[in-house]
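Enquirer: Structure incoming, see below.
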Amino acid sequence: MKKLLTGNEAIARGAWEAGALVCSAYPGTPSTEIIENAAKYTEMYAEWSPNEKVALEVGAGASIAGARALVAMKHVGVNVAADPLFTLAYTGVNGGLVLISADDPGMHSSQNEQDNRHFGRAAKVPVLEPSDSQESKDFTKVAFDLSENFDTPVMVRITTRVAHSQSLVNLSDRQETGLKKYEKNALKYVMIPAHARHRHIDVEARLEKLREYAETTPLNRIEWNDTKIGIITNGITYQYVKEVLKGASILKLGITFPLPRKMISEFSKRVDKLYVIEELEPFIENHIRSWGIEVHGKDVFPAIGEILPETISEKMREFSENIQLFSQQTDPPLNTPVRPPVLCPGCPHRGLFYVLNKLKVTVAGDIGCYTLGSLAPLNAIDTTICMGASIGAAIGMEKARGKDFARKLVAVIGDSTFIHSGITGLINTVYNKATTTTIILDNRTTGMTGHQDNPATGLTVKGDPIKEVDLVLLAKAVGVERVVVVDPFDLEKLENVIKNELAAEEPSVIITKRKCALIEKNKNTTPCFILEESCTGCMRCMRLGCPCIIKEGKKVRINSTQCAGCELCVSVCNSGAIGKEGLIDV
Amino acid sequence: MSDIINILIVGVGGQGTILASRVLSGVVQKIGLDVKVSEIHGMAQRGGSVVTQVRYGKEVASPIIPQGEADIILAFEKLEALRWLPYLKQNGSILINDQRIDPMPVIMGTADYPADAIAAIRSLHKNVIVIDGLKLAIESGNSKAVNVVLLGLLSKYLDIDKKIWLETLRETVPAKFLDANMKAFEAAQ
């Protein structure tokens, strides 16, 4: 039976078919749906871990205890999980351990476009790269076998186009691979130097065996055609090459670390001109070059962003006759204003950024929906680096510029991000006597990735109720004396609280607590409207950056079909010119 | 690859383009063709410009449609129709929902919403269909069924039996909205 699946759904299915028992992840686009789908299979335990490091450690423990385990994260998540990854490469596995790295060429939803094949090489673990959903499922299953046969964690690297594209997949039944025997084995799993020195020898020997495997596995294959041009490619670009360069011979690499040197060398001899078409880094290309083989790659194709079918057609036009040509790239006939993402109507973050902008404070920001507070007209964020960075960055700013600077400085961080890696920053605030104010934007969910639960929401990925983290007690427990909870829709109180806490020369935490507008069911969504005769055209409400308040001539109008009725605009209007049925007499 | 049909569905985050692509890909599967669908989730969903690419035929490799290769663009919003117009084939059809959703630069008054988008599109392409999806959806009893109205319009331009469309719709939409959705599907036919 064939089913239309995204790459992410197919990976979850692959883990299920391979008999996996434990799945863990921290949400992050484009990887999030892997665990959301894994959680639907009753035979598998699945969890949202607090961060990617914990997720991989849970996977490691499950593997050592004998279960097949799947761990998923976005590319930057692997940075967080790198510490266990590099040593798990030494310990190896018991049950198969598969790590999914979802890279994001083109940065559709990321802060950088790092190429995680480098992690595979650096940690000395094999890297598989599927090119569609069928392969996403199949390669996940192969990865479990590889992991057990070679005693190594295996990375399956996907990209956004593989993760989020749907294609038809043949489904199979689940193989009940069960639990492997667990035996205490300190030499293998206790990585003290004496043991690790031995394991490093095993790692190098394993890599040699994997190199041999790469030469013979059907994961790598040659599709012979005209030999004037030979293309070596991987992942989604294989699909583009197949369509655009129908005449060329293709070496499709399903395993990109370690590479099949003999196979590539033979291929290169039989084609007149050799190209590597790979997104981002010249990973395959540099290996080939180091073997003294003449090859074209980044001299023709960009190392930045995605490589699209148009790019391949355009760049290869002069070198190949049998090529699919596309029409000249053009622009739309009229100037089209950009449509950047915005905080939703009714978003509880909007009021906070309005106030921060008004108070002209420096804001160390973080990763989440609230990163949108950096865009016009809110323009409220000074830095966004990585998950959890806001608090550390604020401390550093204070240490560089002094306590007076900290009187106009806050860190903002979401509930999920705070749990992920903000808490250690907060401990540092207290430990190293910083006096900054940390604002935790507690919207009761992990918003940007599409509403996943986290330890502070009271629900697991399977929907089971649990005791939630008490953020107030947590902040107090690490030594913050000043902790205030405030409703971010109460702008007057919010502003006063922020002013008070900024003035205090000691660490403080403000928790702005209000459910994300998209998941709040108990709300009055009656739209607001402008009382035209009272509107003075002061444009104060425009500073909220609400997509429902539209400038019209010298005044404004409210788009009533989109308005969520949050009344933030009612609060900021000085002329009483914004009404809402049932709120004031009109 | 002339045997592949390329359909681009464009709109604004939250307009229901994803359901439309789900029904379309379901329909295509039922007639036994290969199909690939590509859509980008994440940040753009928050009111940004969204696009879903559906490609079907005997065998489809790439899930994405290059510029100038779309047989049909189904646009849920006028500015988005204009933005994605370069993807339309020379003799392709563009089906536009006559709705305007202002993006932030327009809302703030730093950019203008193109006043004559449809005229500009008509000056370049001859197969331009414009309907008031919201009005038709309201008339069929569910103001939220704009996407189904647009699917009904799209179905007119694809050589697929109407029965298959209705059957797929029945399987995809919640039972309590089925009647209104069935009416909505017929509204633009």
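Identifiers for the structure tokens are assigned positionally: chains receive A, B, ... in sequence, residues are indexed from 1 per chain, and ligands are indexed from 1 in the order shown.
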Please, which residues in chain A fall within 6 Å of chain B when counting only C-alpha atoms, and what is the closest atom pair and distance in Å to one decimal for each, ordered by chain then residue number, as a tab-separated table?
Expert:
residue	atom	partner	partner_atom	distance
A:Ser109	CA	B:Met43	CA	5.5
A:Ser165	CA	B:Ser38	CA	4.1
A:Gln166	CA	B:Val37	CA	4.9
A:Ser167	CA	B:Lys36	CA	4.7
A:Gln239	CA	B:Ser62	CA	4.9
A:Tyr240	CA	B:Ser62	CA	5.2
A:Glu310	CA	B:Pro66	CA	5.9
A:Ser327	CA	B:Gly68	CA	5.6
A:Thr330	CA	B:Pro86	CA	5.9
A:Pro332	CA	B:Arg83	CA	5.8
A:Arg339	CA	B:Pro103	CA	5.0
A:Pro340	CA	B:Gly48	CA	5.2
A:Pro341	CA	B:Gly48	CA	4.2
A:Val342	CA	B:Arg46	CA	5.7
A:Ile550	CA	B:Ile107	CA	4.8
A:Lys551	CA	B:Ile107	CA	5.6
Enquirer: Keeping only N, CA, C and O atoms, write the selected residues to a file as a short mmCIF file (atom, residue, chain, number, x, y, z; two decimals), in the first residue's frame.
Expert:
data_model
loop_
_atom_site.label_atom_id
_atom_site.label_comp_id
_atom_site.auth_asym_id
_atom_site.auth_seq_id
_atom_site.Cartn_x
_atom_site.Cartn_y
_atom_site.Cartn_z
N SER A 109 13.63 28.76 8.22
CA SER A 109 13.18 28.99 9.58
C SER A 109 14.33 28.76 10.57
O SER A 109 14.15 28.07 11.56
N SER A 165 8.54 17.85 2.09
CA SER A 165 7.90 17.46 0.84
C SER A 165 7.21 16.12 1.05
O SER A 165 7.68 15.29 1.80
N GLN A 166 6.09 15.97 0.34
CA GLN A 166 5.37 14.69 0.43
C GLN A 166 5.57 13.91 -0.85
O GLN A 166 5.51 14.47 -1.94
N SER A 167 5.81 12.61 -0.69
CA SER A 167 5.82 11.74 -1.86
C SER A 167 5.32 10.36 -1.42
O SER A 167 5.18 10.09 -0.23
N GLN A 239 17.13 14.55 -6.98
CA GLN A 239 15.83 14.60 -7.67
C GLN A 239 15.82 15.70 -8.73
O GLN A 239 15.25 15.55 -9.80
N TYR A 240 16.45 16.82 -8.41
CA TYR A 240 16.51 17.93 -9.37
C TYR A 240 17.37 17.53 -10.58
O TYR A 240 17.01 17.78 -11.73
N GLU A 310 16.21 25.38 -11.26
CA GLU A 310 16.58 26.49 -12.14
C GLU A 310 18.10 26.74 -12.11
O GLU A 310 18.71 27.04 -13.12
N SER A 327 12.27 29.08 -18.54
CA SER A 327 12.18 30.45 -19.06
C SER A 327 13.05 31.38 -18.22
O SER A 327 13.34 31.09 -17.06
N THR A 330 12.20 36.11 -14.17
CA THR A 330 11.66 37.48 -14.25
C THR A 330 11.11 37.91 -12.90
O THR A 330 10.94 37.09 -12.01
N PRO A 332 7.86 40.02 -10.84
CA PRO A 332 6.45 40.33 -11.07
C PRO A 332 6.32 41.67 -11.80
O PRO A 332 7.21 42.52 -11.68
N ARG A 339 5.97 40.35 2.40
CA ARG A 339 4.99 39.98 3.42
C ARG A 339 5.73 39.22 4.52
O ARG A 339 5.74 37.99 4.54
N PRO A 340 6.37 39.95 5.41
CA PRO A 340 7.11 39.28 6.48
C PRO A 340 6.14 38.65 7.48
O PRO A 340 5.00 39.11 7.60
N PRO A 341 6.56 37.59 8.18
CA PRO A 341 5.70 37.04 9.23
C PRO A 341 5.51 38.08 10.33
O PRO A 341 6.36 38.95 10.51
N VAL A 342 4.39 38.02 11.01
CA VAL A 342 4.11 38.96 12.10
C VAL A 342 3.58 38.21 13.31
O VAL A 342 3.08 37.09 13.19
N ILE A 550 -5.00 49.13 10.36
CA ILE A 550 -4.50 49.53 9.04
C ILE A 550 -4.59 51.04 8.89
O ILE A 550 -5.63 51.65 9.18
N LYS A 551 -3.48 51.62 8.42
CA LYS A 551 -3.44 53.05 8.21
C LYS A 551 -4.28 53.39 6.98
O LYS A 551 -4.13 52.77 5.93
#
Enquirer: Residues at most 9 Å from Ala15 of chain A, counting only C-alpha atoms, excluding those fewer than 3 positions away in the same chain, as a count of residues only?
Expert: 18
Enquirer: If you count only C-alpha atoms, which residues fall within 6 Å of Trp48 of chain A, apart from same-chain ones fewer than 3 positions away, as an MDAnalysis selection string?
Expert: chainID A and resid 24:26 461
Enquirer: Please provide as a list of chain:residue names all residues within 8 Å of Val276 of chain A, with the sequence filter that same-chain residues fewer than 4 positions apart are discarded (counting only C-alpha atoms).
Expert: A:Ile231, A:Ile232, A:Thr233, A:Ile284, A:Glu285, A:Val295, A:His296, A:Gly297
Enquirer: Keeping only all heavy atoms, write those residues as a PDB file, in the first residue's frame.
Expert:
ATOM      1  N   ILE A 231      27.701  13.342 -12.838  1.00  0.00           N
ATOM      2  CA  ILE A 231      27.274  14.165 -11.700  1.00  0.00           C
ATOM      3  C   ILE A 231      27.292  13.309 -10.438  1.00  0.00           C
ATOM      4  O   ILE A 231      26.703  12.231 -10.409  1.00  0.00           O
ATOM      5  CB  ILE A 231      25.830  14.674 -11.884  1.00  0.00           C
ATOM      6  CG1 ILE A 231      25.642  15.369 -13.242  1.00  0.00           C
ATOM      7  CG2 ILE A 231      25.423  15.574 -10.712  1.00  0.00           C
ATOM      8  CD1 ILE A 231      26.139  16.762 -13.338  1.00  0.00           C
ATOM      9  N   ILE A 232      27.966  13.790  -9.428  1.00  0.00           N
ATOM     10  CA  ILE A 232      27.864  13.151  -8.118  1.00  0.00           C
ATOM     11  C   ILE A 232      26.956  14.037  -7.274  1.00  0.00           C
ATOM     12  O   ILE A 232      27.168  15.256  -7.190  1.00  0.00           O
ATOM     13  CB  ILE A 232      29.248  13.010  -7.454  1.00  0.00           C
ATOM     14  CG1 ILE A 232      30.146  12.131  -8.330  1.00  0.00           C
ATOM     15  CG2 ILE A 232      29.117  12.421  -6.052  1.00  0.00           C
ATOM     16  CD1 ILE A 232      31.552  11.951  -7.814  1.00  0.00           C
ATOM     17  N   THR A 233      25.927  13.431  -6.699  1.00  0.00           N
ATOM     18  CA  THR A 233      24.964  14.254  -5.959  1.00  0.00           C
ATOM     19  C   THR A 233      24.366  13.467  -4.806  1.00  0.00           C
ATOM     20  O   THR A 233      24.555  12.257  -4.689  1.00  0.00           O
ATOM     21  CB  THR A 233      23.894  14.831  -6.915  1.00  0.00           C
ATOM     22  OG1 THR A 233      23.068  15.745  -6.199  1.00  0.00           O
ATOM     23  CG2 THR A 233      23.002  13.728  -7.486  1.00  0.00           C
ATOM     24  N   ILE A 284      31.457  16.740  -0.213  1.00  0.00           N
ATOM     25  CA  ILE A 284      31.862  15.624  -1.076  1.00  0.00           C
ATOM     26  C   ILE A 284      33.030  16.092  -1.954  1.00  0.00           C
ATOM     27  O   ILE A 284      34.042  15.394  -2.112  1.00  0.00           O
ATOM     28  CB  ILE A 284      30.668  15.185  -1.955  1.00  0.00           C
ATOM     29  CG1 ILE A 284      29.490  14.750  -1.073  1.00  0.00           C
ATOM     30  CG2 ILE A 284      31.074  14.072  -2.912  1.00  0.00           C
ATOM     31  CD1 ILE A 284      28.164  14.587  -1.824  1.00  0.00           C
ATOM     32  N   GLU A 285      32.866  17.302  -2.488  1.00  0.00           N
ATOM     33  CA  GLU A 285      33.859  17.856  -3.411  1.00  0.00           C
ATOM     34  C   GLU A 285      35.263  17.901  -2.793  1.00  0.00           C
ATOM     35  O   GLU A 285      36.242  17.482  -3.431  1.00  0.00           O
ATOM     36  CB  GLU A 285      33.421  19.272  -3.814  1.00  0.00           C
ATOM     37  CG  GLU A 285      34.363  19.962  -4.770  1.00  0.00           C
ATOM     38  CD  GLU A 285      34.004  21.436  -4.965  1.00  0.00           C
ATOM     39  OE1 GLU A 285      32.887  21.836  -4.585  1.00  0.00           O
ATOM     40  OE2 GLU A 285      34.847  22.171  -5.492  1.00  0.00           O
ATOM     41  N   VAL A 295      37.681  17.794 -10.333  1.00  0.00           N
ATOM     42  CA  VAL A 295      36.234  17.855 -10.129  1.00  0.00           C
ATOM     43  C   VAL A 295      35.770  19.311 -10.071  1.00  0.00           C
ATOM     44  O   VAL A 295      36.503  20.189  -9.623  1.00  0.00           O
ATOM     45  CB  VAL A 295      35.847  17.093  -8.830  1.00  0.00           C
ATOM     46  CG1 VAL A 295      36.501  17.715  -7.602  1.00  0.00           C
ATOM     47  CG2 VAL A 295      34.347  17.004  -8.653  1.00  0.00           C
ATOM     48  N   HIS A 296      34.562  19.541 -10.573  1.00  0.00           N
ATOM     49  CA  HIS A 296      33.943  20.869 -10.453  1.00  0.00           C
ATOM     50  C   HIS A 296      32.824  20.808  -9.427  1.00  0.00           C
ATOM     51  O   HIS A 296      32.133  19.812  -9.311  1.00  0.00           O
ATOM     52  CB  HIS A 296      33.372  21.314 -11.801  1.00  0.00           C
ATOM     53  CG  HIS A 296      34.425  21.512 -12.833  1.00  0.00           C
ATOM     54  ND1 HIS A 296      35.197  22.643 -12.889  1.00  0.00           N
ATOM     55  CD2 HIS A 296      34.866  20.689 -13.815  1.00  0.00           C
ATOM     56  CE1 HIS A 296      36.057  22.530 -13.886  1.00  0.00           C
ATOM     57  NE2 HIS A 296      35.878  21.353 -14.461  1.00  0.00           N
ATOM     58  N   GLY A 297      32.672  21.882  -8.706  1.00  0.00           N
ATOM     59  CA  GLY A 297      31.619  21.917  -7.679  1.00  0.00           C
ATOM     60  C   GLY A 297      31.285  23.350  -7.359  1.00  0.00           C
ATOM     61  O   GLY A 297      30.532  24.018  -8.075  1.00  0.00           O
TER      62      GLY A 297
END
Enquirer: Step one, run DSSP on the backbone; step two, keep only residues of segment 47-167 of chain B assigned to helix (DSSP H, G or I); then write them as a VMD selection string.
Expert: chain B and resid 78 to 87 104 to 107 117 to 124 133 to 139 146 to 156 162 to 167
Enquirer: Let's have the selection written as a compact mmCIF listing (two decimals), in the first residue's frame, with C-alpha atoms.
Expert:
# COMPACT_ATOMS: atom_id res chain seq x y z
CA LYS B 78 -4.21 39.16 -4.99
CA LEU B 79 -0.79 40.36 -3.92
CA GLU B 80 0.37 36.76 -3.65
CA ALA B 81 -0.96 36.11 -7.17
CA LEU B 82 1.25 38.94 -8.36
CA ARG B 83 4.27 37.79 -6.34
CA TRP B 84 4.21 34.26 -7.76
CA LEU B 85 3.21 35.22 -11.31
CA PRO B 86 6.72 34.60 -12.72
CA TYR B 87 6.13 30.91 -11.96
CA MET B 104 2.90 44.84 7.35
CA PRO B 105 4.73 47.40 5.14
CA VAL B 106 1.37 48.44 3.64
CA ILE B 107 -0.31 48.50 7.05
CA ALA B 117 -2.62 43.88 -9.68
CA ILE B 118 -5.24 42.02 -11.69
CA ALA B 119 -4.93 44.35 -14.67
CA ALA B 120 -1.16 43.89 -14.63
CA ILE B 121 -1.58 40.12 -14.57
CA ARG B 122 -4.09 40.27 -17.42
CA SER B 123 -1.65 42.30 -19.50
CA LEU B 124 0.77 39.37 -19.43
CA GLY B 133 -14.36 33.39 -2.93
CA LEU B 134 -15.56 34.87 0.35
CA LYS B 135 -18.90 35.96 -1.12
CA LEU B 136 -19.43 32.54 -2.70
CA ALA B 137 -18.45 30.79 0.54
CA ILE B 138 -20.90 32.88 2.57
CA GLU B 139 -23.66 32.16 0.04
CA VAL B 146 -13.18 29.86 0.77
CA ASN B 147 -10.53 27.20 0.16
CA VAL B 148 -13.18 24.69 -0.93
CA VAL B 149 -14.76 27.26 -3.27
CA LEU B 150 -11.32 27.72 -4.84
CA LEU B 151 -10.83 23.96 -5.11
CA GLY B 152 -14.12 23.75 -6.99
CA LEU B 153 -12.81 26.37 -9.39
CA LEU B 154 -9.51 24.53 -9.77
CA SER B 155 -11.31 21.27 -10.55
CA LYS B 156 -12.79 22.90 -13.66
CA LYS B 162 -15.79 15.33 -10.49
CA LYS B 163 -16.90 12.24 -8.57
CA ILE B 164 -13.31 11.73 -7.41
CA TRP B 165 -13.14 15.30 -6.15
CA LEU B 166 -16.35 14.93 -4.16
CA GLU B 167 -15.29 11.58 -2.76
Enquirer: Which residue out of A:Asn185, A:Asn335, A:Ser560, A:Asn574 has the minimum interatomic distance to Cys541 of chain A when only C-alpha atoms are used?
Expert: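 Closest to Cys541 of chain A of all the choices is A:Asn574.
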Enquirer: What does the structure give for the distance between atom CA of Asn234 of chain A and atom CA of Ile158 of chain A, in Å to one decimal?
Expert: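 Answer for the atom CA of Asn234 of chain A to atom CA of Ile158 of chain A separation: 10.3 Å.
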